[in-house]
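One structure is given below, encoded as structure tokens.
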Amino acid sequence: MTNALSKLLETRDWLMADGATGTNLFNMGLMSGDAPELWNIDETAKITTLYKGAVDAGSDIFLTNSFGANASRLKLHGAEGRVHELNKAAAEIGREVADGSGRTVVVAGSVGPTGEIMAPMGTLTHETAVEMFHEQAEGLKAGGADVLWVETISAAEEFKAAAEAFKLADMPWCGTMSFDTAGRTMMGLTSAEMVKMVGKIDNQPLSFGANCGVGASDLLRTVLGFATAGPRVPVIAKGNAGIPKYHDGHIHYDGTPALMGDYAVLARDCGATIIGGCCGTTPDHLRAMREALETRPKGEAPTLDAITKALGGFSSASDGTDGAGPVASPRRGRRRRG
């Protein structure tokens with residue numbers, strides 16, 4: 001399948017994705033507990049500003065404001081009947097921004113987790129998960145998204161359900177999981193296990209990788225784990241801008257633009273092809289990342305010591321690929337993309 005992202009991947013050594021959604025929308029006035037997806041209809045100018053912030057900072061790919069726009073999450077806001085409308089609007093705003101940029105910019109339809117636990121541990125069946133993801137995918141497709149992008153997933157079963165739904169929608173896709181529990185996802189998956197899982201999926205993604213998690217250092221250790229396992233498709237790295245700190249009633253991330261510039265180059269050297277930020281990453285961070293990627297030559301894969309020296313220490317001694325760490329991590333709820 002030929003599409004905007006696959007064409008860019010054929011001609012570029014690296015691509016820059018966008019930064020945070022939640023962090024930037026909170027800076028625009030979104031209140032905690034509100035559904036940002038409703039802003040696709042109620043505050044379209046602010047969503048346009050969100051997308052343009054990433055594009056103007058140099059992003060080749062940006063994700064739509066649709067992370068929580070599935071029926072399960074929208075039900076919390078009495079908006080479960082607006083899935084198609086809100087996803088279509090998210091992609092339509094993105095399409096307008098991308099088409100007006102004067103260059104090729106990929107509109108990626110963000111699809112977050114359902115917020116429910118998959119059976120047999122929970123009540124969410126495979127069929128229901130596929131149905132929810134498919135409904136969201138069709139809305140994003142109708143709005144003009146180039147690709148679908150499932151992110152911050154913890155369970156292999158939910159990742160596979162998204163892949164099946166995207167096949168039903170006949171859309172190319174990418175997917176990332178969040179590794180935040182001693183180098184594993186909340187459901188216990190290691191980076192090496194994700195590579196094996198992705199390799200067996202019938203509907204192959206254009207790219208896969210990791211987003212969010214604990215911090216940039218941990219995420220790069222995960223990317224090194226991907227590279228060691230021999231992935232068949234390009235790897236994505238979307239790390240948080242440092243570590244969250246609570247200050248004056250708000251959560252702030254302590255990663256500076258300079259640190260994120262270092263992170264971007266290290267991510268490329270670790271083996272990532274698509275490099276972006278997650279929670280806390282603003283347009284200022286993205287500009288520094290773009291400049292660093294354009295001006296610093298590619299180097300050898302960094303050692304773990306080099307990563308910690310540049311970005312700070314790891315949150316755990318092991319990433320799980322060496323057999324250490326928890327056998328299975330706690331089965332908790334999921335966070336949204338910051």
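Ligands are numbered from 1 in the order shown, residues from 1 within each chain, and chains are lettered A, B, ... in the order they appear in the structure tokens.
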
Original post:
Skipping near chain neighbours, those fewer than 5 positions away, what residues fall within 12 Å of Asn211 of chain A using only C-alpha atoms, listed as number ranges by chain?
Top reply: A: 17-20, 112, 149-154, 174-180, 185, 191, 216, 218-220, 222-223, 235-241, 272, 274-279, 335-338

Wanna dump the segment 163-268 of chain A-segment 21-25 of chain A contacts at 12 Å for me, each residue with its shortest atom pair and the distance in Å to one decimal, counting only C-alpha atoms, ordered by chain and number, as CSV?
residue,atom,partner,partner_atom,distance
A:Cys212,CA,A:Thr21,CA,11.8
A:Asn240,CA,A:Thr23,CA,10.8
A:Ala241,CA,A:Thr23,CA,10.6
A:Pro244,CA,A:Thr23,CA,11.1
A:His250,CA,A:Thr23,CA,10.4
A:Ile251,CA,A:Thr23,CA,8.8
A:His252,CA,A:Thr23,CA,8.6
A:Tyr253,CA,A:Thr23,CA,9.3

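The interatomic distance for the pair atom CA of Tyr246 of chain A and atom CA of Asn27 of chain A works out to 15.1 Å.
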
Subject >> Of the listed residues A:Ala301, A:Leu189, A:Ala267, A:Leu124, that which approaches Thr228 of chain A most closely, counting only C-alpha atoms >> reply: A:Ala301

Original post:
In segment 101-254 of chain A, what's alpha helix (DSSP H) per DSSP? Answer as a VMD selection string?
Top reply: chain A and resid 126 to 143 156 to 168 191 to 200 216 to 228

Can you build me a table of segment 222-310 of chain A residues sitting at most 7 Å from segment 48-71 of chain A, with the closest atom pair per residue and its distance in Å to one decimal, using only C-alpha atoms, sorted by chain and residue number, as a tab-separated table?
residue	atom	partner	partner_atom	distance
A:Pro283	CA	A:Ala57	CA	5.7
A:Leu286	CA	A:Ala57	CA	5.8
A:Arg287	CA	A:Ala57	CA	4.9
A:Arg290	CA	A:Gly58	CA	6.2

What would the file look like if the residues just selected were written as an mmCIF file, in the first residue's frame with all heavy atoms?
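Result saved to again-v2.cif:
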data_model
loop_
_atom_site.group_PDB
_atom_site.id
_atom_site.type_symbol
_atom_site.label_atom_id
_atom_site.label_comp_id
_atom_site.auth_asym_id
_atom_site.auth_seq_id
_atom_site.Cartn_x
_atom_site.Cartn_y
_atom_site.Cartn_z
ATOM 1 N N PRO A 283 6.219 22.720 21.401
ATOM 2 C CA PRO A 283 6.890 23.119 20.159
ATOM 3 C C PRO A 283 8.342 23.566 20.369
ATOM 4 O O PRO A 283 9.185 23.338 19.499
ATOM 5 C CB PRO A 283 6.009 24.262 19.652
ATOM 6 C CG PRO A 283 4.632 23.888 20.104
ATOM 7 C CD PRO A 283 4.853 23.315 21.478
ATOM 8 N N LEU A 286 10.327 20.512 20.308
ATOM 9 C CA LEU A 286 10.378 19.963 18.953
ATOM 10 C C LEU A 286 11.364 20.721 18.076
ATOM 11 O O LEU A 286 12.087 20.114 17.272
ATOM 12 C CB LEU A 286 8.983 19.988 18.324
ATOM 13 C CG LEU A 286 7.935 19.064 18.952
ATOM 14 C CD1 LEU A 286 6.570 19.317 18.324
ATOM 15 C CD2 LEU A 286 8.324 17.598 18.804
ATOM 16 N N ARG A 287 11.403 22.032 18.208
ATOM 17 C CA ARG A 287 12.360 22.807 17.403
ATOM 18 C C ARG A 287 13.790 22.401 17.723
ATOM 19 O O ARG A 287 14.634 22.275 16.815
ATOM 20 C CB ARG A 287 12.152 24.305 17.646
ATOM 21 C CG ARG A 287 11.031 24.915 16.807
ATOM 22 C CD ARG A 287 10.970 26.419 16.950
ATOM 23 N NE ARG A 287 10.313 26.792 18.195
ATOM 24 C CZ ARG A 287 8.999 26.944 18.321
ATOM 25 N NH1 ARG A 287 8.208 26.750 17.272
ATOM 26 N NH2 ARG A 287 8.464 27.289 19.478
ATOM 27 N N ARG A 290 14.443 18.968 16.147
ATOM 28 C CA ARG A 290 14.635 19.042 14.704
ATOM 29 C C ARG A 290 16.032 19.563 14.374
ATOM 30 O O ARG A 290 16.730 19.017 13.502
ATOM 31 C CB ARG A 290 13.572 19.959 14.082
ATOM 32 C CG ARG A 290 13.667 20.068 12.558
ATOM 33 C CD ARG A 290 12.964 18.916 11.893
ATOM 34 N NE ARG A 290 13.275 18.827 10.470
ATOM 35 C CZ ARG A 290 12.549 18.150 9.600
ATOM 36 N NH1 ARG A 290 11.464 17.499 9.991
ATOM 37 N NH2 ARG A 290 12.897 18.069 8.340
#

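Distances here use only C-alpha atoms; by that measure, the residue among A:Phe159, A:Phe314, A:Phe26, A:Trp173 closest to Pro205 of chain A is A:Trp173.
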
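Among the candidates A:Gly102, A:Gly225, A:Gly213, A:Pro234, the one nearest to Thr190 of chain A when counting only C-alpha atoms is A:Gly225.
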
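Between atom CA of Glu138 of chain A and atom CA of Ala108 of chain A the separation is 13.2 Å.
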
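Atom CA of Val195 of chain A sits 24.0 Å away from atom CA of Thr11 of chain A.
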
**OP:** Please provide as number ranges by chain all residues within 12 Å of Thr303 of chain A, with the sequence filter that same-chain residues fewer than 2 positions apart are discarded (counting only C-alpha atoms).
**Re:** A: 217, 220-221, 224, 266-267, 269-270, 299-301, 305-310

Deliver the residues from the most recent selection as a file, using N, CA, C and O atoms, as a PDB file, in the first residue's frame.
ATOM      1  N   SER A 217      15.230   8.253  29.238  1.00  0.00           N
ATOM      2  CA  SER A 217      16.266   7.219  29.367  1.00  0.00           C
ATOM      3  C   SER A 217      15.664   5.825  29.256  1.00  0.00           C
ATOM      4  O   SER A 217      16.165   4.971  28.505  1.00  0.00           O
ATOM      5  N   LEU A 220      14.641   4.951  25.695  1.00  0.00           N
ATOM      6  CA  LEU A 220      15.743   4.610  24.789  1.00  0.00           C
ATOM      7  C   LEU A 220      16.302   3.227  25.077  1.00  0.00           C
ATOM      8  O   LEU A 220      16.729   2.527  24.158  1.00  0.00           O
ATOM      9  N   ARG A 221      16.283   2.806  26.331  1.00  0.00           N
ATOM     10  CA  ARG A 221      16.688   1.438  26.641  1.00  0.00           C
ATOM     11  C   ARG A 221      15.730   0.450  25.972  1.00  0.00           C
ATOM     12  O   ARG A 221      16.151  -0.600  25.467  1.00  0.00           O
ATOM     13  N   LEU A 224      16.610   0.265  22.288  1.00  0.00           N
ATOM     14  CA  LEU A 224      17.752  -0.624  22.104  1.00  0.00           C
ATOM     15  C   LEU A 224      17.306  -2.085  22.159  1.00  0.00           C
ATOM     16  O   LEU A 224      17.819  -2.934  21.414  1.00  0.00           O
ATOM     17  N   LEU A 266      20.087  10.639  20.261  1.00  0.00           N
ATOM     18  CA  LEU A 266      20.328   9.323  20.848  1.00  0.00           C
ATOM     19  C   LEU A 266      19.294   8.313  20.366  1.00  0.00           C
ATOM     20  O   LEU A 266      19.622   7.153  20.108  1.00  0.00           O
ATOM     21  N   ALA A 267      18.035   8.748  20.224  1.00  0.00           N
ATOM     22  CA  ALA A 267      16.992   7.848  19.725  1.00  0.00           C
ATOM     23  C   ALA A 267      17.323   7.370  18.321  1.00  0.00           C
ATOM     24  O   ALA A 267      17.177   6.184  17.993  1.00  0.00           O
ATOM     25  N   ASP A 269      20.311   7.194  17.040  1.00  0.00           N
ATOM     26  CA  ASP A 269      21.473   6.319  17.116  1.00  0.00           C
ATOM     27  C   ASP A 269      21.129   4.962  17.731  1.00  0.00           C
ATOM     28  O   ASP A 269      21.791   3.956  17.458  1.00  0.00           O
ATOM     29  N   CYS A 270      20.073   4.914  18.540  1.00  0.00           N
ATOM     30  CA  CYS A 270      19.615   3.639  19.118  1.00  0.00           C
ATOM     31  C   CYS A 270      18.911   2.767  18.088  1.00  0.00           C
ATOM     32  O   CYS A 270      18.724   1.569  18.306  1.00  0.00           O
ATOM     33  N   GLY A 299      25.617   8.586  14.890  1.00  0.00           N
ATOM     34  CA  GLY A 299      26.710   7.916  15.566  1.00  0.00           C
ATOM     35  C   GLY A 299      26.401   6.453  15.820  1.00  0.00           C
ATOM     36  O   GLY A 299      25.364   5.919  15.400  1.00  0.00           O
ATOM     37  N   GLU A 300      27.296   5.799  16.515  1.00  0.00           N
ATOM     38  CA  GLU A 300      27.083   4.398  16.902  1.00  0.00           C
ATOM     39  C   GLU A 300      25.992   4.319  17.965  1.00  0.00           C
ATOM     40  O   GLU A 300      25.681   5.304  18.638  1.00  0.00           O
ATOM     41  N   ALA A 301      25.427   3.151  18.116  1.00  0.00           N
ATOM     42  CA  ALA A 301      24.415   2.954  19.158  1.00  0.00           C
ATOM     43  C   ALA A 301      25.031   3.259  20.521  1.00  0.00           C
ATOM     44  O   ALA A 301      26.105   2.750  20.852  1.00  0.00           O
ATOM     45  N   ASP A 305      25.352   3.473  29.716  1.00  0.00           N
ATOM     46  CA  ASP A 305      26.023   4.521  30.492  1.00  0.00           C
ATOM     47  C   ASP A 305      25.954   5.863  29.775  1.00  0.00           C
ATOM     48  O   ASP A 305      25.758   6.907  30.417  1.00  0.00           O
ATOM     49  N   ALA A 306      26.099   5.846  28.453  1.00  0.00           N
ATOM     50  CA  ALA A 306      26.038   7.094  27.694  1.00  0.00           C
ATOM     51  C   ALA A 306      24.636   7.699  27.758  1.00  0.00           C
ATOM     52  O   ALA A 306      24.474   8.928  27.837  1.00  0.00           O
ATOM     53  N   ILE A 307      23.620   6.859  27.739  1.00  0.00           N
ATOM     54  CA  ILE A 307      22.231   7.342  27.829  1.00  0.00           C
ATOM     55  C   ILE A 307      21.987   7.999  29.183  1.00  0.00           C
ATOM     56  O   ILE A 307      21.428   9.100  29.265  1.00  0.00           O
ATOM     57  N   THR A 308      22.406   7.325  30.268  1.00  0.00           N
ATOM     58  CA  THR A 308      22.155   7.886  31.600  1.00  0.00           C
ATOM     59  C   THR A 308      22.974   9.154  31.830  1.00  0.00           C
ATOM     60  O   THR A 308      22.511  10.074  32.514  1.00  0.00           O
ATOM     61  N   LYS A 309      24.150   9.217  31.262  1.00  0.00           N
ATOM     62  CA  LYS A 309      24.977  10.416  31.412  1.00  0.00           C
ATOM     63  C   LYS A 309      24.318  11.612  30.736  1.00  0.00           C
ATOM     64  O   LYS A 309      24.357  12.736  31.249  1.00  0.00           O
ATOM     65  N   ALA A 310      23.672  11.374  29.607  1.00  0.00           N
ATOM     66  CA  ALA A 310      23.051  12.463  28.855  1.00  0.00           C
ATOM     67  C   ALA A 310      21.665  12.818  29.369  1.00  0.00           C
ATOM     68  O   ALA A 310      21.294  14.006  29.404  1.00  0.00           O
TER      69      ALA A 310
END

Subject >> Test item, strand (DSSP E or B) assignment across segment 89-312 of chain A, answer as a VMD selection string >> reply: chain A and resid 106 to 111 118 124 147 to 153 173 to 177 181 184 207 to 212 235 to 239 244 to 247 250 to 253 272 to 277
